[in-house]
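Remarks on the structure that follows.
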Amino acid sequence: MFDWLRRKVGVVQEETDGPLPHERIYAVGDIHGRHDLLLRMVERIRTDIDRLEDPDRPVRLIFLGDYIDRGDQSREVVEELRKLCDDATRDDNPVGLTCLMGNHEDALLGFIEDPVVGRRWLQFGGLQTLASYRVRVAGPQSDHKALKDTASALAEAMGEDLPFLRSLPKIHRSGPVVFAHAGLDPEDPEAEDNGAVLWGQSSFIERGGIEGMRVVHGHYDALQPVLTRRRICVDTGAYYSGRLTAVRMDDDVEVIEVGATGR
């Protein structure tokens, strides 16, 4: 029915014998308003969890941020993730779930906090998110009142989605593996600085990661995922490529991808 593509690691690969988490973890890359791909990925992971049922190993699903902007279904993506998080809190749900913050969520929150300072968000995807919440668009050159009116209307239209985004953590650690939207700062890997963790404002990519750590992240879109001993990147540009990528980590590392219907 759908074009599921499931492949062993080896897409863009160097050394892949890095540390693994204590849990079985599925980490999903940047969604950017592709609700259709999110639904297919969740179903694909559910099937994989059932196939690999192991009562002695905890399972966790991690979304790596950038749920909104650029694609046309930002509202639907946020609502779906919020429901999944609610379901994960039930006592009878064996799968843990963590939604991390990305730089696009940070930019939306900055726009709502101060729409004049944060109006740059409108230029890199915010217009699509406003449209998905049916909020009248104020262009980035609009006067201050128009920008403030737009921010107020968006906050009201988002309802429970807004506190959900505000509550998102920046980092998840599982044993020797760290999950963060854009990586870590090699100068201070323990810090949760927005510039490094959300926006990639560090030497993390230039250095090829951090010695002694394995970091799983998104943010740097490419047509193929990147898998090395120090870092794994699963942002394959879902909003323009029509492919959403995840990685499963347990005793091994395996890439899971879903594509649009008919691909």
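Labeling convention for the structure tokens: chains A, B, ... as they appear, residues from 1 per chain, ligands from 1 in order of appearance.
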Find the residues of region 9-81 of chain A that sit at most 12 Å from region 95-117 of chain A; for each, write down the nearest two atoms and how far apart they are in Å, to one decimal. Count only C-alpha atoms. Sort by chain, then by number going up, and give it as a Markdown table.
```
| residue | atom | partner | partner_atom | distance |
| --- | --- | --- | --- | --- |
| A:Glu23 | CA | A:Gly96 | CA | 10.0 |
| A:Arg24 | CA | A:Val95 | CA | 9.8 |
| A:Ile25 | CA | A:Gly96 | CA | 9.3 |
| A:Tyr26 | CA | A:Leu97 | CA | 9.5 |
| A:Ala27 | CA | A:Thr98 | CA | 9.4 |
| A:Val28 | CA | A:Cys99 | CA | 9.6 |
| A:Gly29 | CA | A:Gly102 | CA | 10.4 |
| A:Asp30 | CA | A:Gly102 | CA | 8.5 |
| A:Ile31 | CA | A:Gly102 | CA | 10.5 |
| A:His32 | CA | A:His104 | CA | 8.8 |
| A:Gly33 | CA | A:His104 | CA | 11.1 |
| A:Val42 | CA | A:Leu97 | CA | 11.6 |
| A:Ile45 | CA | A:Val95 | CA | 11.0 |
| A:Arg46 | CA | A:Val95 | CA | 9.7 |
| A:Ile49 | CA | A:Val95 | CA | 9.1 |
| A:Asp50 | CA | A:Val95 | CA | 11.1 |
| A:Glu53 | CA | A:Val95 | CA | 11.2 |
| A:Asp54 | CA | A:Val95 | CA | 11.6 |
| A:Pro55 | CA | A:Val95 | CA | 11.1 |
| A:Arg57 | CA | A:Val95 | CA | 10.4 |
| A:Pro58 | CA | A:Val95 | CA | 7.2 |
| A:Val59 | CA | A:Val95 | CA | 5.2 |
| A:Arg60 | CA | A:Gly96 | CA | 4.4 |
| A:Leu61 | CA | A:Leu97 | CA | 4.8 |
| A:Ile62 | CA | A:Thr98 | CA | 4.8 |
| A:Phe63 | CA | A:Cys99 | CA | 4.8 |
| A:Leu64 | CA | A:Leu100 | CA | 5.2 |
| A:Gly65 | CA | A:Gly102 | CA | 4.0 |
| A:Asp66 | CA | A:Gly102 | CA | 4.6 |
| A:Tyr67 | CA | A:Glu105 | CA | 7.4 |
| A:Ile68 | CA | A:His104 | CA | 6.6 |
| A:Asp69 | CA | A:His104 | CA | 7.0 |
| A:Arg70 | CA | A:His104 | CA | 9.8 |
| A:Ser74 | CA | A:Glu105 | CA | 10.7 |
| A:Val77 | CA | A:Cys99 | CA | 11.9 |
| A:Val78 | CA | A:Cys99 | CA | 10.2 |
| A:Glu80 | CA | A:Cys99 | CA | 11.5 |
| A:Leu81 | CA | A:Cys99 | CA | 7.7 |
```
**Request:** Can you pull out every residue within 8 Å of Ile232 (chain A), counting only C-alpha atoms, but drop anything in the same chain fewer than 6 positions away, and send it as a PyMOL selection string?
**Result:** chain A and resi 214-217+225-226
Writer output for current selection, all heavy atoms, as a short mmCIF file (atom, residue, chain, number, x, y, z; two decimals), in the first residue's frame:
```cif
data_model
loop_
_atom_site.label_atom_id
_atom_site.label_comp_id
_atom_site.auth_asym_id
_atom_site.auth_seq_id
_atom_site.Cartn_x
_atom_site.Cartn_y
_atom_site.Cartn_z
N ARG A 214 28.18 9.43 21.35
CA ARG A 214 27.44 9.27 20.10
C ARG A 214 26.19 10.12 20.20
O ARG A 214 25.40 9.97 21.13
CB ARG A 214 27.06 7.81 19.86
CG ARG A 214 26.74 7.55 18.39
CD ARG A 214 26.59 6.07 18.11
NE ARG A 214 26.88 5.77 16.72
CZ ARG A 214 26.77 4.56 16.20
NH1 ARG A 214 26.39 3.54 16.96
NH2 ARG A 214 27.06 4.34 14.94
N VAL A 215 26.03 11.02 19.25
CA VAL A 215 24.92 11.97 19.26
C VAL A 215 24.02 11.69 18.07
O VAL A 215 24.50 11.59 16.92
CB VAL A 215 25.43 13.43 19.21
CG1 VAL A 215 24.26 14.40 19.25
CG2 VAL A 215 26.38 13.70 20.38
N VAL A 216 22.72 11.55 18.33
CA VAL A 216 21.73 11.34 17.28
C VAL A 216 20.95 12.64 17.12
O VAL A 216 20.43 13.18 18.10
CB VAL A 216 20.78 10.17 17.63
CG1 VAL A 216 19.78 9.93 16.50
CG2 VAL A 216 21.58 8.91 17.92
N HIS A 217 20.86 13.14 15.88
CA HIS A 217 20.29 14.48 15.68
C HIS A 217 19.66 14.59 14.31
O HIS A 217 19.72 13.69 13.47
CB HIS A 217 21.40 15.53 15.83
CG HIS A 217 22.49 15.43 14.80
ND1 HIS A 217 22.48 16.15 13.63
CD2 HIS A 217 23.62 14.66 14.77
CE1 HIS A 217 23.56 15.86 12.92
NE2 HIS A 217 24.27 14.95 13.59
N PRO A 225 20.61 9.73 5.10
CA PRO A 225 21.05 9.87 6.50
C PRO A 225 22.55 9.67 6.62
O PRO A 225 23.18 9.08 5.74
CB PRO A 225 20.28 8.74 7.22
CG PRO A 225 19.97 7.76 6.16
CD PRO A 225 19.78 8.53 4.89
N VAL A 226 23.11 10.19 7.69
CA VAL A 226 24.54 10.08 7.96
C VAL A 226 24.73 9.23 9.20
O VAL A 226 24.11 9.49 10.23
CB VAL A 226 25.17 11.47 8.16
CG1 VAL A 226 26.64 11.34 8.57
CG2 VAL A 226 25.04 12.30 6.89
#
```
**Message:** When DSSP is applied to the backbone of this structure, which of region 87-163 of chain A are assigned strand (DSSP E or B)? Write them out as a ChimeraX atom specification.
**Reply:** /A:95-99
Residues from last step as file, N, CA and C atoms, as a JSON list (two decimals), in the first residue's frame:
```
[["chain", "number", "residue", "atom", "x", "y", "z"],
["A", 95, "VAL", "N", 5.56, 1.66, 25.79],
["A", 95, "VAL", "CA", 6.53, 2.41, 25.00],
["A", 95, "VAL", "C", 6.66, 3.84, 25.54],
["A", 96, "GLY", "N", 7.88, 4.23, 25.90],
["A", 96, "GLY", "CA", 8.12, 5.61, 26.31],
["A", 96, "GLY", "C", 8.19, 6.51, 25.09],
["A", 97, "LEU", "N", 7.91, 7.78, 25.27],
["A", 97, "LEU", "CA", 7.92, 8.71, 24.15],
["A", 97, "LEU", "C", 8.48, 10.05, 24.58],
["A", 98, "THR", "N", 9.41, 10.57, 23.80],
["A", 98, "THR", "CA", 10.03, 11.86, 24.07],
["A", 98, "THR", "C", 9.99, 12.70, 22.80],
["A", 99, "CYS", "N", 9.43, 13.89, 22.89],
["A", 99, "CYS", "CA", 9.46, 14.85, 21.79],
["A", 99, "CYS", "C", 10.42, 15.97, 22.17]]
```
If you run DSSP on this backbone, which residues of region 77-263 of chain A come out as helix (DSSP H, G or I), and could you give them as a PDB file with C-alpha atoms, in the first residue's frame?
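Produced file part-v5.pdb, reproduced below:
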```
ATOM      1  CA  VAL A  77       1.625  17.132  13.186  1.00  0.00           C
ATOM      2  CA  VAL A  78       1.675  18.940  16.535  1.00  0.00           C
ATOM      3  CA  GLU A  79      -1.767  17.625  17.475  1.00  0.00           C
ATOM      4  CA  GLU A  80      -0.744  14.069  16.562  1.00  0.00           C
ATOM      5  CA  LEU A  81       2.437  14.247  18.629  1.00  0.00           C
ATOM      6  CA  ARG A  82       0.539  15.704  21.570  1.00  0.00           C
ATOM      7  CA  LYS A  83      -1.905  12.774  21.432  1.00  0.00           C
ATOM      8  CA  LEU A  84       0.958  10.282  21.236  1.00  0.00           C
ATOM      9  CA  CYS A  85       2.561  11.859  24.300  1.00  0.00           C
ATOM     10  CA  ASP A  86      -0.735  11.665  26.178  1.00  0.00           C
ATOM     11  CA  ASP A  87      -1.100   7.997  25.236  1.00  0.00           C
ATOM     12  CA  ALA A  88       2.460   7.277  26.377  1.00  0.00           C
ATOM     13  CA  ASN A 103      14.913  25.382  16.213  1.00  0.00           C
ATOM     14  CA  HIS A 104      11.634  25.908  14.332  1.00  0.00           C
ATOM     15  CA  GLU A 105       9.607  25.369  17.508  1.00  0.00           C
ATOM     16  CA  ASP A 106      11.989  27.735  19.275  1.00  0.00           C
ATOM     17  CA  ALA A 107      11.451  30.331  16.539  1.00  0.00           C
ATOM     18  CA  LEU A 108       7.661  30.044  16.766  1.00  0.00           C
ATOM     19  CA  LEU A 109       7.803  30.530  20.539  1.00  0.00           C
ATOM     20  CA  GLY A 110      10.104  33.500  20.054  1.00  0.00           C
ATOM     21  CA  PHE A 111       7.642  35.046  17.604  1.00  0.00           C
ATOM     22  CA  ILE A 112       4.765  34.678  20.047  1.00  0.00           C
ATOM     23  CA  GLU A 113       6.896  36.118  22.863  1.00  0.00           C
ATOM     24  CA  ARG A 119       9.471  38.110  12.844  1.00  0.00           C
ATOM     25  CA  ARG A 120      12.313  36.430  10.957  1.00  0.00           C
ATOM     26  CA  TRP A 121      10.438  33.181  11.670  1.00  0.00           C
ATOM     27  CA  LEU A 122       7.938  34.170   8.984  1.00  0.00           C
ATOM     28  CA  GLN A 123      10.676  33.976   6.363  1.00  0.00           C
ATOM     29  CA  PHE A 124      11.761  30.375   6.967  1.00  0.00           C
ATOM     30  CA  GLY A 126       6.308  30.360   9.648  1.00  0.00           C
ATOM     31  CA  LEU A 127       3.876  31.394   6.926  1.00  0.00           C
ATOM     32  CA  GLN A 128       2.922  27.754   6.318  1.00  0.00           C
ATOM     33  CA  THR A 129       2.382  27.190  10.035  1.00  0.00           C
ATOM     34  CA  LEU A 130       0.179  30.278  10.311  1.00  0.00           C
ATOM     35  CA  ALA A 131      -1.869  28.989   7.382  1.00  0.00           C
ATOM     36  CA  SER A 132      -2.266  25.568   9.005  1.00  0.00           C
ATOM     37  CA  HIS A 144       4.431  46.302  14.680  1.00  0.00           C
ATOM     38  CA  LYS A 145       0.726  46.223  15.457  1.00  0.00           C
ATOM     39  CA  ALA A 146       0.004  43.777  12.620  1.00  0.00           C
ATOM     40  CA  LEU A 147       2.785  41.481  13.808  1.00  0.00           C
ATOM     41  CA  LYS A 148       1.523  41.603  17.409  1.00  0.00           C
ATOM     42  CA  ASP A 149      -2.038  40.898  16.271  1.00  0.00           C
ATOM     43  CA  THR A 150      -0.804  37.902  14.286  1.00  0.00           C
ATOM     44  CA  ALA A 151       1.148  36.536  17.255  1.00  0.00           C
ATOM     45  CA  SER A 152      -1.876  36.903  19.546  1.00  0.00           C
ATOM     46  CA  ALA A 153      -4.155  35.198  17.032  1.00  0.00           C
ATOM     47  CA  LEU A 154      -1.689  32.329  16.643  1.00  0.00           C
ATOM     48  CA  ALA A 155      -1.389  31.811  20.395  1.00  0.00           C
ATOM     49  CA  GLU A 156      -5.168  31.650  20.668  1.00  0.00           C
ATOM     50  CA  ALA A 157      -5.566  29.317  17.676  1.00  0.00           C
ATOM     51  CA  MET A 158      -2.940  26.905  18.981  1.00  0.00           C
ATOM     52  CA  ASP A 161      -0.579  22.938  21.314  1.00  0.00           C
ATOM     53  CA  LEU A 162       1.216  26.010  22.646  1.00  0.00           C
ATOM     54  CA  PRO A 163       1.935  24.781  26.202  1.00  0.00           C
ATOM     55  CA  PHE A 164       2.871  21.429  24.661  1.00  0.00           C
ATOM     56  CA  LEU A 165       5.586  23.072  22.546  1.00  0.00           C
ATOM     57  CA  ARG A 166       6.745  25.149  25.496  1.00  0.00           C
ATOM     58  CA  ASN A 194      19.877  26.918  22.525  1.00  0.00           C
ATOM     59  CA  GLY A 195      22.448  28.109  20.012  1.00  0.00           C
ATOM     60  CA  ALA A 196      24.286  24.795  19.908  1.00  0.00           C
ATOM     61  CA  VAL A 197      21.541  22.310  20.744  1.00  0.00           C
ATOM     62  CA  ALA A 238      10.814  15.291   4.488  1.00  0.00           C
ATOM     63  CA  TYR A 239       8.971  18.407   3.319  1.00  0.00           C
ATOM     64  CA  TYR A 240      10.695  18.414  -0.100  1.00  0.00           C
ATOM     65  CA  SER A 241      11.990  14.836  -0.514  1.00  0.00           C
TER      66      SER A 241
END
```
**Message:** Report, in Å with one decimal, the straight-line distance from CA of Gly71 (chain A) to CA of Arg34 (chain A).
**Reply:**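 CA of Arg34 (chain A) lies 5.7 Å from CA of Gly71 (chain A).
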**Message:** Using Å and a single decimal, report how far CA of Glu160 (chain A) sits from CA of Ala138 (chain A).
**Reply:** 22.7 Å
**Request:** Would you please work out which residue, of A:Met249, A:Val135, A:Ile210, A:Val234, is nearest to Ala222 (chain A) when using only C-alpha atoms?
**Result:** A:Val234
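CA of Leu52 (chain A) is positioned 11.3 Å from CA of Arg248 (chain A).
In this comparison, which uses only C-alpha atoms, the residue of A:Gly212, A:Asp193, A:Gln224, A:Arg75 approaching Gly159 (chain A) most closely is A:Arg75.
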